[in-house]
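Asker: My structure file model01.txt, compact mmCIF, C-alpha atoms and all ligand atoms, is below:
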# COMPACT_ATOMS: atom_id res chain seq x y z
CA MET A 1 -41.42 -1.20 -4.80
CA SER A 2 -44.15 -1.27 -7.37
CA ALA A 3 -43.26 -0.84 -10.99
CA ARG A 4 -44.55 2.70 -11.13
CA LEU A 5 -42.99 5.36 -13.27
CA ARG A 6 -40.57 7.03 -10.89
CA VAL A 7 -37.52 9.19 -10.35
CA LYS A 8 -35.13 7.13 -8.23
CA ILE A 9 -32.71 9.22 -6.17
CA ASN A 10 -29.69 7.87 -4.33
CA LEU A 11 -29.34 10.22 -1.36
CA THR A 12 -25.89 8.88 -0.42
CA LYS A 13 -24.61 9.91 -3.85
CA VAL A 14 -26.26 13.35 -3.60
CA THR A 15 -24.44 13.80 -0.28
CA ALA A 16 -21.16 12.56 -1.77
CA ASN A 17 -21.43 14.96 -4.73
CA SER A 18 -22.21 17.85 -2.37
CA GLN A 19 -19.29 16.95 -0.14
CA PHE A 20 -16.86 16.72 -3.05
CA LEU A 21 -17.90 20.14 -4.40
CA VAL A 22 -17.94 21.80 -0.96
CA HIS A 23 -14.43 20.54 -0.21
CA SER A 24 -12.87 21.26 -3.57
CA LEU A 25 -14.39 24.77 -3.80
CA ALA A 26 -13.37 25.60 -0.21
CA GLN A 27 -9.78 25.37 -1.42
CA HIS A 28 -10.57 28.24 -3.78
CA GLY A 29 -12.32 30.29 -1.11
CA ILE A 30 -15.77 29.57 -2.53
CA SER A 31 -18.85 28.41 -0.61
CA VAL A 32 -21.67 26.32 -2.06
CA THR A 33 -25.37 27.11 -2.07
CA GLY A 34 -27.35 23.99 -2.98
CA VAL A 35 -30.05 24.63 -5.58
CA THR A 36 -33.15 22.47 -5.11
CA LYS A 37 -35.34 23.49 -8.05
CA GLY A 38 -34.22 20.42 -10.05
CA VAL A 39 -36.07 18.25 -7.52
CA ARG A 40 -38.90 20.74 -6.91
CA GLY A 41 -37.60 21.51 -3.44
CA HIS A 42 -37.74 17.91 -2.25
CA PRO A 43 -36.86 18.14 1.47
CA GLU A 44 -35.03 14.79 1.71
CA VAL A 45 -32.80 15.66 -1.25
CA ALA A 46 -32.20 19.07 0.33
CA LYS A 47 -31.19 17.33 3.57
CA ALA A 48 -28.80 15.10 1.62
CA MET A 49 -27.14 18.27 0.28
CA LEU A 50 -26.90 19.72 3.79
CA ALA A 51 -25.40 16.43 5.02
CA GLY A 52 -22.65 16.96 2.43
CA GLY A 53 -21.67 20.27 4.01
CA VAL A 54 -23.75 22.69 1.95
CA LEU A 55 -24.66 25.50 4.38
CA GLN A 56 -27.39 27.26 2.39
CA LEU A 57 -30.07 26.32 -0.08
CA ALA A 58 -31.75 28.21 -2.89
CA ASP A 59 -34.70 27.76 -5.21
CA ALA A 60 -36.30 29.73 -8.02
CA ARG A 61 -39.89 29.16 -6.87
CA ILE A 62 -41.52 30.21 -3.64
CA SER A 63 -43.65 27.04 -3.63
CA ASN A 64 -40.48 24.95 -3.41
CA ILE A 65 -39.05 27.15 -0.67
CA LEU A 66 -42.25 26.83 1.36
CA ARG A 67 -42.04 23.06 0.92
CA LEU A 68 -38.52 23.10 2.41
CA ARG A 69 -39.61 25.27 5.36
CA LYS A 70 -42.69 23.11 5.98
CA ALA A 71 -40.40 20.08 6.25
CA GLY A 72 -38.49 21.80 9.06
CA ILE A 73 -35.42 22.96 7.15
CA THR A 74 -34.00 25.93 9.05
CA CYS A 75 -30.83 26.82 7.10
CA PRO A 76 -30.63 30.14 5.22
CA LEU A 77 -32.78 30.00 2.07
CA SER A 78 -32.40 32.18 -0.99
CA MET A 79 -35.02 33.01 -3.58
CA ILE A 80 -32.94 33.10 -6.77
CA ARG A 81 -35.60 34.32 -9.18
CA CYS A 82 -36.88 37.86 -8.89
CA PRO A 83 -39.93 37.58 -6.56
CA LEU A 84 -43.36 38.06 -8.10
CA LYS A 85 -45.51 40.97 -6.91
CA ALA A 86 -47.98 38.78 -5.08
CA GLN A 87 -45.23 36.85 -3.27
CA SER A 88 -43.47 39.61 -1.32
CA GLN A 89 -44.92 38.55 2.02
CA GLN A 90 -44.02 34.88 1.49
CA VAL A 91 -40.48 35.81 0.48
CA ILE A 92 -40.03 37.87 3.64
CA ASP A 93 -41.50 35.11 5.81
CA ALA A 94 -39.65 32.13 4.32
CA CYS A 95 -36.41 33.48 2.80
CA ASP A 96 -33.35 35.09 4.32
CA ILE A 97 -32.03 36.30 0.98
CA SER A 98 -33.56 37.15 -2.39
CA TYR A 99 -32.07 37.98 -5.78
CA HIS A 100 -33.17 41.09 -7.67
CA SER A 101 -32.59 42.61 -11.09
CA HIS A 102 -34.18 45.99 -10.36
CA LEU A 103 -35.19 48.28 -7.53
CA ASP A 104 -38.95 47.84 -7.96
CA SER A 105 -39.01 44.37 -6.49
CA ILE A 106 -36.73 45.44 -3.62
CA GLN A 107 -38.99 48.37 -2.84
CA ARG A 108 -41.98 46.05 -2.76
CA LEU A 109 -40.33 43.75 -0.20
CA ALA A 110 -39.01 46.45 2.11
CA PRO A 111 -42.27 47.44 3.86
CA GLN A 112 -43.03 43.79 4.67
CA ALA A 113 -39.54 43.30 6.06
CA LEU A 114 -39.95 46.37 8.25
CA ALA A 115 -43.36 45.23 9.46
CA ALA A 116 -41.88 41.84 10.37
CA HIS A 117 -38.98 43.55 12.22
CA LYS A 118 -36.51 41.81 9.94
CA THR A 119 -33.59 42.88 7.83
CA HIS A 120 -34.00 41.07 4.54
CA HIS A 121 -30.82 40.43 2.58
CA ILE A 122 -30.59 41.38 -1.07
CA MET A 123 -28.37 40.05 -3.82
CA LEU A 124 -28.21 42.30 -6.85
CA MET A 125 -28.22 40.29 -10.05
CA VAL A 126 -25.90 41.67 -12.74
CA GLU A 127 -26.06 40.70 -16.40
CA LEU A 128 -22.60 39.84 -17.72
CA GLY A 129 -23.32 38.05 -20.96
CA ASP A 130 -25.95 35.35 -20.47
CA ALA A 131 -28.69 37.83 -21.40
CA ARG A 132 -31.23 36.15 -19.16
CA ASP A 133 -31.68 38.17 -16.00
CA GLY A 134 -29.89 40.94 -14.17
CA MET A 135 -29.34 44.69 -14.33
CA LEU A 136 -26.67 46.12 -16.59
CA PRO A 137 -23.28 46.72 -14.95
CA GLN A 138 -23.56 50.48 -15.44
CA GLN A 139 -26.83 50.51 -13.47
CA VAL A 140 -25.25 48.96 -10.37
CA PRO A 141 -23.81 52.09 -8.63
CA GLN A 142 -27.11 53.94 -8.86
CA ALA A 143 -29.07 50.93 -7.58
CA VAL A 144 -26.72 50.48 -4.63
CA GLN A 145 -26.96 54.20 -3.84
CA ALA A 146 -30.76 53.98 -3.89
CA MET A 147 -30.75 50.89 -1.66
CA LYS A 148 -29.06 52.87 1.10
CA LYS A 149 -32.29 54.82 1.50
CA ILE A 150 -34.58 51.77 1.59
CA PRO A 151 -35.11 50.64 5.19
CA GLY A 152 -35.70 46.96 5.99
CA VAL A 153 -33.26 45.61 3.42
CA ALA A 154 -29.47 45.23 3.34
CA LEU A 155 -27.22 44.57 0.40
CA LEU A 156 -25.44 41.25 0.89
CA GLY A 157 -23.62 41.14 -2.42
CA LEU A 158 -23.70 40.92 -6.18
CA ALA A 159 -24.62 37.88 -8.23
CA THR A 160 -24.33 36.86 -11.84
CA ASN A 161 -25.29 33.99 -14.05
CA PHE A 162 -23.73 32.22 -17.02
CA ALA A 163 -24.72 29.66 -19.61
CA CYS A 164 -28.33 29.44 -18.46
CA LEU A 165 -30.06 30.84 -21.50
CA SER A 166 -27.38 31.46 -24.07
CA GLY A 167 -24.75 28.90 -23.19
CA VAL A 168 -22.22 31.73 -22.85
CA PRO A 169 -19.50 30.41 -20.53
CA PRO A 170 -17.85 32.62 -17.91
CA THR A 171 -14.58 33.95 -19.29
CA ALA A 172 -11.71 35.27 -17.19
CA GLN A 173 -12.51 38.71 -18.61
CA ARG A 174 -16.17 38.54 -17.50
CA MET A 175 -15.20 37.35 -14.05
CA HIS A 176 -12.65 40.13 -13.75
CA GLU A 177 -15.42 42.61 -14.61
CA PHE A 178 -17.52 41.02 -11.86
CA THR A 179 -14.79 41.57 -9.26
CA GLU A 180 -14.38 45.20 -10.36
CA LEU A 181 -18.12 45.72 -10.00
CA ILE A 182 -18.08 44.23 -6.50
CA VAL A 183 -15.33 46.66 -5.47
CA LEU A 184 -17.25 49.56 -7.00
CA ALA A 185 -20.51 48.53 -5.30
CA GLU A 186 -18.71 48.30 -1.95
CA SER A 187 -17.40 51.84 -2.30
CA VAL A 188 -20.93 53.10 -2.92
CA TRP A 189 -22.50 50.94 -0.19
CA GLY A 190 -19.77 51.97 2.26
CA ALA A 191 -19.17 48.50 3.70
CA PRO A 192 -17.76 45.18 2.50
CA LEU A 193 -20.11 42.94 0.52
CA ARG A 194 -19.80 39.59 2.24
CA ALA A 195 -21.33 37.22 -0.28
CA ASN A 196 -20.85 37.48 -4.01
CA SER A 197 -22.22 34.68 -6.10
CA ALA A 198 -20.59 33.95 -9.44
CA GLY A 199 -23.16 31.61 -10.92
CA GLY A 200 -24.09 27.95 -11.16
CA SER A 201 -22.47 24.70 -12.23
CA ALA A 202 -21.31 26.36 -15.47
CA ASN A 203 -18.78 28.26 -13.32
CA LEU A 204 -17.03 25.21 -11.88
CA THR A 205 -14.26 25.19 -14.46
CA TRP A 206 -13.62 28.88 -13.89
CA ALA A 207 -13.64 28.35 -10.10
CA SER A 208 -11.07 25.57 -10.19
CA GLN A 209 -8.77 27.65 -12.40
CA SER A 210 -9.00 31.19 -11.09
CA GLY A 211 -11.56 31.33 -8.28
CA ARG A 212 -8.91 32.48 -5.81
CA SER A 213 -8.11 35.67 -7.65
CA SER A 214 -11.76 36.76 -7.69
CA ARG A 215 -13.92 38.54 -5.13
CA ALA A 216 -16.72 36.09 -5.93
CA ASN A 217 -16.94 33.66 -3.03
CA ASN A 218 -20.07 31.60 -3.70
CA LEU A 219 -21.54 29.32 -6.34
CA ARG A 220 -25.16 28.18 -6.55
CA LEU A 221 -25.03 24.55 -7.62
CA GLY A 222 -27.89 22.37 -8.82
CA GLU A 223 -26.98 20.29 -11.86
CA SER A 224 -23.50 19.29 -10.70
CA ILE A 225 -24.78 18.09 -7.31
CA LEU A 226 -27.75 16.16 -8.69
CA LEU A 227 -26.47 14.90 -12.05
CA GLY A 228 -22.69 15.22 -11.73
CA THR A 229 -22.49 17.01 -15.08
CA ASP A 230 -21.16 20.29 -16.46
CA PRO A 231 -24.07 22.18 -18.09
CA ILE A 232 -21.88 23.58 -20.87
CA SER A 233 -20.17 20.43 -22.11
CA GLY A 234 -22.65 17.90 -20.72
CA ARG A 235 -19.65 15.90 -19.52
CA VAL A 236 -19.38 14.19 -16.15
CA ILE A 237 -17.27 16.21 -13.71
CA THR A 238 -14.34 14.17 -12.37
CA GLY A 239 -15.03 13.12 -8.79
CA LEU A 240 -18.82 13.24 -9.07
CA PHE A 241 -21.43 10.49 -9.43
CA ASP A 242 -23.48 10.84 -12.61
CA ASP A 243 -25.96 8.17 -11.55
CA ALA A 244 -27.46 9.61 -8.36
CA VAL A 245 -30.72 10.23 -10.21
CA LYS A 246 -32.52 7.92 -12.65
CA LEU A 247 -35.91 7.58 -14.28
CA VAL A 248 -37.39 4.10 -13.96
CA VAL A 249 -39.85 3.24 -16.73
CA GLU A 250 -41.75 0.11 -17.68
CA VAL A 251 -41.55 -1.60 -21.06
CA ILE A 252 -45.12 -2.14 -22.28
CA GLU A 253 -44.43 -3.53 -25.74
CA ALA A 254 -41.52 -5.46 -27.24
CA THR A 255 -41.79 -6.44 -30.88
CA PRO A 256 -39.04 -8.11 -32.91
CA THR A 257 -38.08 -5.59 -35.60
CA GLY A 258 -38.52 -8.05 -38.47
CA ALA A 259 -42.09 -8.78 -37.40
CA LEU A 260 -43.22 -5.15 -37.82
CA ALA A 261 -45.57 -4.37 -40.67
CA GLY A 262 -43.63 -2.86 -43.56
CA SER A 263 -40.32 -4.18 -42.33
CA LYS A 264 -38.03 -5.21 -45.15
CA LYS A 265 -35.66 -7.05 -42.87
CA GLN A 266 -35.86 -10.70 -42.04
CA HIS A 267 -36.78 -11.36 -38.45
CA THR A 268 -33.44 -12.25 -36.93
CA GLY A 269 -34.48 -12.20 -33.30
CA GLN A 270 -31.62 -9.83 -32.61
CA SER A 271 -33.33 -6.48 -32.46
CA SER A 272 -36.67 -5.21 -31.31
CA ARG A 273 -38.82 -2.16 -31.03
CA LEU A 274 -39.74 -1.27 -27.46
CA VAL A 275 -42.54 0.94 -26.23
CA LEU A 276 -41.97 2.63 -22.86
CA ALA A 277 -44.76 3.90 -20.63
CA VAL A 278 -43.52 7.47 -20.40
CA GLY A 279 -43.99 10.51 -22.61
CA SER A 280 -43.59 14.24 -23.02
CA GLN A 281 -46.24 14.79 -20.35
CA ASP A 282 -43.83 13.25 -17.86
CA THR A 283 -40.40 14.47 -18.89
CA ASP A 284 -38.24 16.06 -21.59
CA ILE A 285 -37.90 13.16 -24.03
CA LEU A 286 -34.80 14.61 -25.70
CA GLY A 287 -33.13 14.85 -22.30
CA LEU A 288 -33.23 11.10 -21.63
CA GLY A 289 -30.20 8.84 -21.74
CA PHE A 290 -30.89 5.24 -22.71
CA PRO A 291 -28.92 2.13 -21.73
CA ALA A 292 -26.27 0.92 -24.20
CA GLY A 293 -27.72 -0.70 -27.30
CA LEU A 294 -30.89 1.39 -27.32
CA THR A 295 -31.67 4.32 -29.58
CA LEU A 296 -34.61 6.69 -29.42
CA ILE A 297 -36.99 6.48 -32.37
CA GLY A 298 -39.47 9.02 -31.09
CA GLY A 299 -42.01 9.91 -28.47
CA THR A 300 -45.49 11.29 -27.93
CA SER A 301 -47.33 12.56 -24.88
CA ASP A 302 -47.60 9.08 -23.35
CA HIS A 303 -45.23 6.73 -25.22
CA ILE A 304 -41.59 6.55 -26.10
CA VAL A 305 -40.45 4.17 -28.83
CA VAL A 306 -36.87 2.92 -28.85
CA HIS A 307 -34.91 0.53 -31.03
CA SER A 308 -33.16 -2.17 -29.08
CA HIS A 309 -30.20 -3.72 -30.90
CA LEU A 310 -30.24 -6.68 -28.57
CA ASN A 311 -33.30 -8.36 -27.16
CA ARG A 312 -32.52 -7.55 -23.56
CA PHE A 313 -35.87 -6.18 -22.48
CA SER A 314 -39.16 -8.02 -22.38
CA ILE A 315 -42.66 -6.77 -21.66
CA GLY A 316 -43.02 -5.72 -18.03
CA ALA A 317 -39.28 -5.11 -17.57
CA ASN A 318 -38.09 -1.96 -15.81
CA MET A 319 -35.59 0.23 -17.59
CA GLU A 320 -33.41 2.86 -15.88
CA LEU A 321 -32.77 6.03 -17.87
CA LYS A 322 -30.48 8.97 -17.28
CA LEU A 323 -31.99 12.42 -17.12
CA SER A 324 -30.84 15.84 -18.22
CA TYR A 325 -31.59 18.71 -15.84
CA SER A 326 -34.69 19.70 -17.82
CA ALA A 327 -35.85 16.07 -18.01
CA LEU A 328 -35.41 15.79 -14.23
CA THR A 329 -37.20 19.04 -13.42
CA ARG A 330 -40.14 18.08 -15.59
CA ALA A 331 -40.32 14.56 -14.17
CA MET A 332 -40.25 15.86 -10.60
CA SER A 333 -43.23 18.10 -11.41
CA ALA A 334 -45.29 15.54 -13.32
CA PRO A 335 -48.29 14.09 -11.49
CA ASP A 336 -47.79 10.52 -12.74
CA VAL A 337 -44.12 10.31 -11.81
CA SER A 338 -43.43 9.32 -8.22
CA THR A 339 -40.18 9.74 -6.30
CA GLN A 340 -38.26 6.84 -4.82
CA LEU A 341 -35.48 7.65 -2.37
CA HIS A 342 -32.77 5.18 -1.42
CA HIS A 343 -29.33 5.11 0.15
C1 LIG B 401 -30.99 27.10 -11.59
C2 LIG B 401 -30.16 28.20 -11.12
C3 LIG B 401 -28.87 27.94 -10.60
C4 LIG B 401 -28.27 26.56 -10.57
O1 LIG B 401 -27.67 26.29 -11.79
P1 LIG B 401 -27.03 24.84 -12.11
O2 LIG B 401 -26.55 24.95 -13.49
O3 LIG B 401 -28.13 23.85 -11.93
O4 LIG B 401 -25.94 24.63 -11.12
C5 LIG B 401 -28.14 29.02 -10.15
N1 LIG B 401 -28.65 30.26 -10.17
C6 LIG B 401 -29.86 30.56 -10.66
C7 LIG B 401 -30.34 31.96 -10.66
C8 LIG B 401 -30.66 29.54 -11.14
O5 LIG B 401 -31.88 29.83 -11.62
When written as structure tokens, how does the structure in this file appear?
Answerer:
Amino acid sequence: MSARLRVKINLTKVTANSQFLVHSLAQHGISVTGVTKGVRGHPEVAKAMLAGGVLQLADARISNILRLRKAGITCPLSMIRCPLKAQSQQVIDACDISYHSHLDSIQRLAPQALAAHKTHHIMLMVELGDARDGMLPQQVPQAVQAMKKIPGVALLGLATNFACLSGVPPTAQRMHEFTELIVLAESVWGAPLRANSAGGSANLTWASQSGRSSRANNLRLGESILLGTDPISGRVITGLFDDAVKLVVEVIEATPTGALAGSKKQHTGQSSRLVLAVGSQDTDILGLGFPAGLTLIGGTSDHIVVHSHLNRFSIGANMELKLSYSALTRAMSAPDVSTQLHH
């Protein structure tokens, strides 16, 4: 493998993380939808999730969903961001399920679903404290009532989201509200709602504690599968690999600290300043995790400068960095960052 700037993904570990989450959540009556937006819908990573027992996949962008379909992935796919006006046809063609915060976008999809002789499944997104997306709880009964008169679409269930924008974690009280809303929506719809999705990786703690007592029976997991971490605390979740995904960068300068202009210290040969060939054009610099003994000094569009307490890296060396979810997403979308898959 050439020394190109790359995201290196261990597919065996992605599968192992998926498997661990699928099995442990099954004990709480909760299914897992694998979220692929962190890897821009990379089909091989998606397949690694499916190999771990994930039965459905979801993404927030239609381009990523089309990429999955083009690669021959046939499992149910959900569009988890409210579809854009111009994308109704693509959503009907490529997705089995889509998430909506208002009736407008559902009404736009319905004619295309009818024309395609399909019943498209709808998840109604409810806002329970994250203040990102979703309709207000009090709007749900009216929306469900209105949906009964829209042909071509069927209500599959309710969904909610936590800790995405605001970092508000799901409390027992919020989750209880969610269950009450599901029951209310069912009474209006007149049939059981089969799939109710409680959120993403931020809900894992809630699920392991009280998932059983809730009507929510699905989680949409991205970060925990790919990075092994809890988005709220940033901590590694017990049982998961936190090194399935890495950023490999090349050291292009290594200068002993004492030799730098303006340095007051004597050159001891112990520490150095390293320049890495990666920048904010490629990733989220503040979302990178450096090997022990290295600290970030700063970064620009094309360089990152780190202080190395020990002279472990020389010019031309490869360095493996950890990535936050935002650092990963950006790297996967950057034109100069390639993807290396291994087992
Ligand atoms: C990104 C996303 C998820 C996945 O969240 P993670 O924290 O990565 O598990 C779930 N639902 C929606 C709507 C999302 O946009």
Asker: Could you check how far atom CA of A:Ala113 sits from atom CA of A:Pro83, in Å to one decimal?
Answerer: 13.9 Å
Asker: For A:Leu124, please output as a PyMOL selection string all residues within 7 Å (counting all atoms listed in the file; exclusion window: fewer than 5 positions along the same chain).
Answerer: chain A and resi 99-101+157-159
Asker: Mind listing the residues within 8 Å of ligand LIG 401 (chain B), all atoms listed in the file counted, as a list in words?
Answerer: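 Those within range of ligand LIG 401 (chain B) are Val35, Lys37, Gly38, Asp59, Ala60, Ile80, Arg81, Tyr99, Thr160, Asn161, Ala163, Cys164, Gly199, Gly200, Ser201, Ala202, Leu219, Arg220, Leu221, Gly222, Glu223, Ser224, Ile225, Asp230, Pro231 and Tyr325 of chain A.
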Asker: Residues near A:Ala116, anyone? I mean within 9 Å using only C-alpha atoms, not counting same-chain ones fewer than 5 positions away, as a PyMOL selection string.
Answerer: chain A and resi 92-93+111
Asker: Could you give me, as a ChimeraX atom specification, the residues within 9 Å of stretch 3-20 of chain A, counting all atoms listed in the file and dropping anything in the same chain fewer than 3 positions from it?
Answerer: /A:23-25,32,34,44-45,47-54,221,224-228,239-250,277-278,316-318,320,328,331-332,336-343
Asker: Have a look at A:Ser214, A:Ser197, A:Asn311, A:Ser280 and name the one nearest to A:Glu177; count all atoms listed in the file.
Answerer: A:Ser214
Asker: In Å, how far is it from atom CA of A:Thr255 to atom CA of A:Leu274?
Answerer: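 Separation of atom CA of A:Thr255 and atom CA of A:Leu274: 6.5 Å.
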Asker: Using atom CA of A:Val188 and atom CA of A:Gln145 as the two end points, give the distance in Å to one decimal.
Answerer: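 So the two atoms, atom CA of A:Val188 and atom CA of A:Gln145, lie 6.2 Å apart.
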Asker: With distances taken over all atoms listed in the file, which of A:Lys118, A:Arg312, A:Lys322, A:His176 is nearest to A:Thr229?
Answerer: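 Among A:Lys118, A:Arg312, A:Lys322, A:His176, it is A:Lys322 that comes nearest to A:Thr229.
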Asker: Which residues come within 12 Å of A:Pro76, counting all atoms listed in the file, excluding same-chain residues fewer than 6 positions away, as an mmCIF file with C-alpha atoms, in the frame of the given file?
Answerer:
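File selection_14.cif, as written:
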data_model
loop_
_atom_site.group_PDB
_atom_site.id
_atom_site.type_symbol
_atom_site.label_atom_id
_atom_site.label_comp_id
_atom_site.auth_asym_id
_atom_site.auth_seq_id
_atom_site.Cartn_x
_atom_site.Cartn_y
_atom_site.Cartn_z
ATOM 1 C CA THR A 33 -25.370 27.110 -2.070
ATOM 2 C CA GLY A 34 -27.350 23.990 -2.980
ATOM 3 C CA LEU A 50 -26.900 19.720 3.790
ATOM 4 C CA VAL A 54 -23.750 22.690 1.950
ATOM 5 C CA LEU A 55 -24.660 25.500 4.380
ATOM 6 C CA GLN A 56 -27.390 27.260 2.390
ATOM 7 C CA LEU A 57 -30.070 26.320 -0.080
ATOM 8 C CA ALA A 58 -31.750 28.210 -2.890
ATOM 9 C CA ASP A 59 -34.700 27.760 -5.210
ATOM 10 C CA ILE A 65 -39.050 27.150 -0.670
ATOM 11 C CA LEU A 68 -38.520 23.100 2.410
ATOM 12 C CA ARG A 69 -39.610 25.270 5.360
ATOM 13 C CA ASP A 93 -41.500 35.110 5.810
ATOM 14 C CA ALA A 94 -39.650 32.130 4.320
ATOM 15 C CA CYS A 95 -36.410 33.480 2.800
ATOM 16 C CA ASP A 96 -33.350 35.090 4.320
ATOM 17 C CA ILE A 97 -32.030 36.300 0.980
ATOM 18 C CA SER A 98 -33.560 37.150 -2.390
ATOM 19 C CA HIS A 120 -34.000 41.070 4.540
ATOM 20 C CA HIS A 121 -30.820 40.430 2.580
#
Asker: For A:Ala207, which of A:Met175, A:Ile62, A:Met79, A:Ala191 is the closest residue, counting only C-alpha atoms?
Answerer: A:Met175
Asker: Using all atoms listed in the file, which residue out of A:Val251, A:Ala115, A:Ile30, A:Val91 lies closest to A:Trp206?
Answerer: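 Using all atoms listed in the file, A:Trp206 sits closest to A:Ile30.
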Asker: Measuring between only C-alpha atoms, which one of A:His303, A:Arg215, A:Arg132, A:Lys149 shows the shortest distance to A:Glu180?
Answerer: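 Looking only at the distances to A:Glu180, the closest residue turns out to be A:Arg215.
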Asker: Out of A:Lys70, A:Arg330, A:Lys85, A:His117, which residue has the shortest atom-to-atom distance to A:Ser105 when counting only C-alpha atoms?
Answerer: A:Lys85
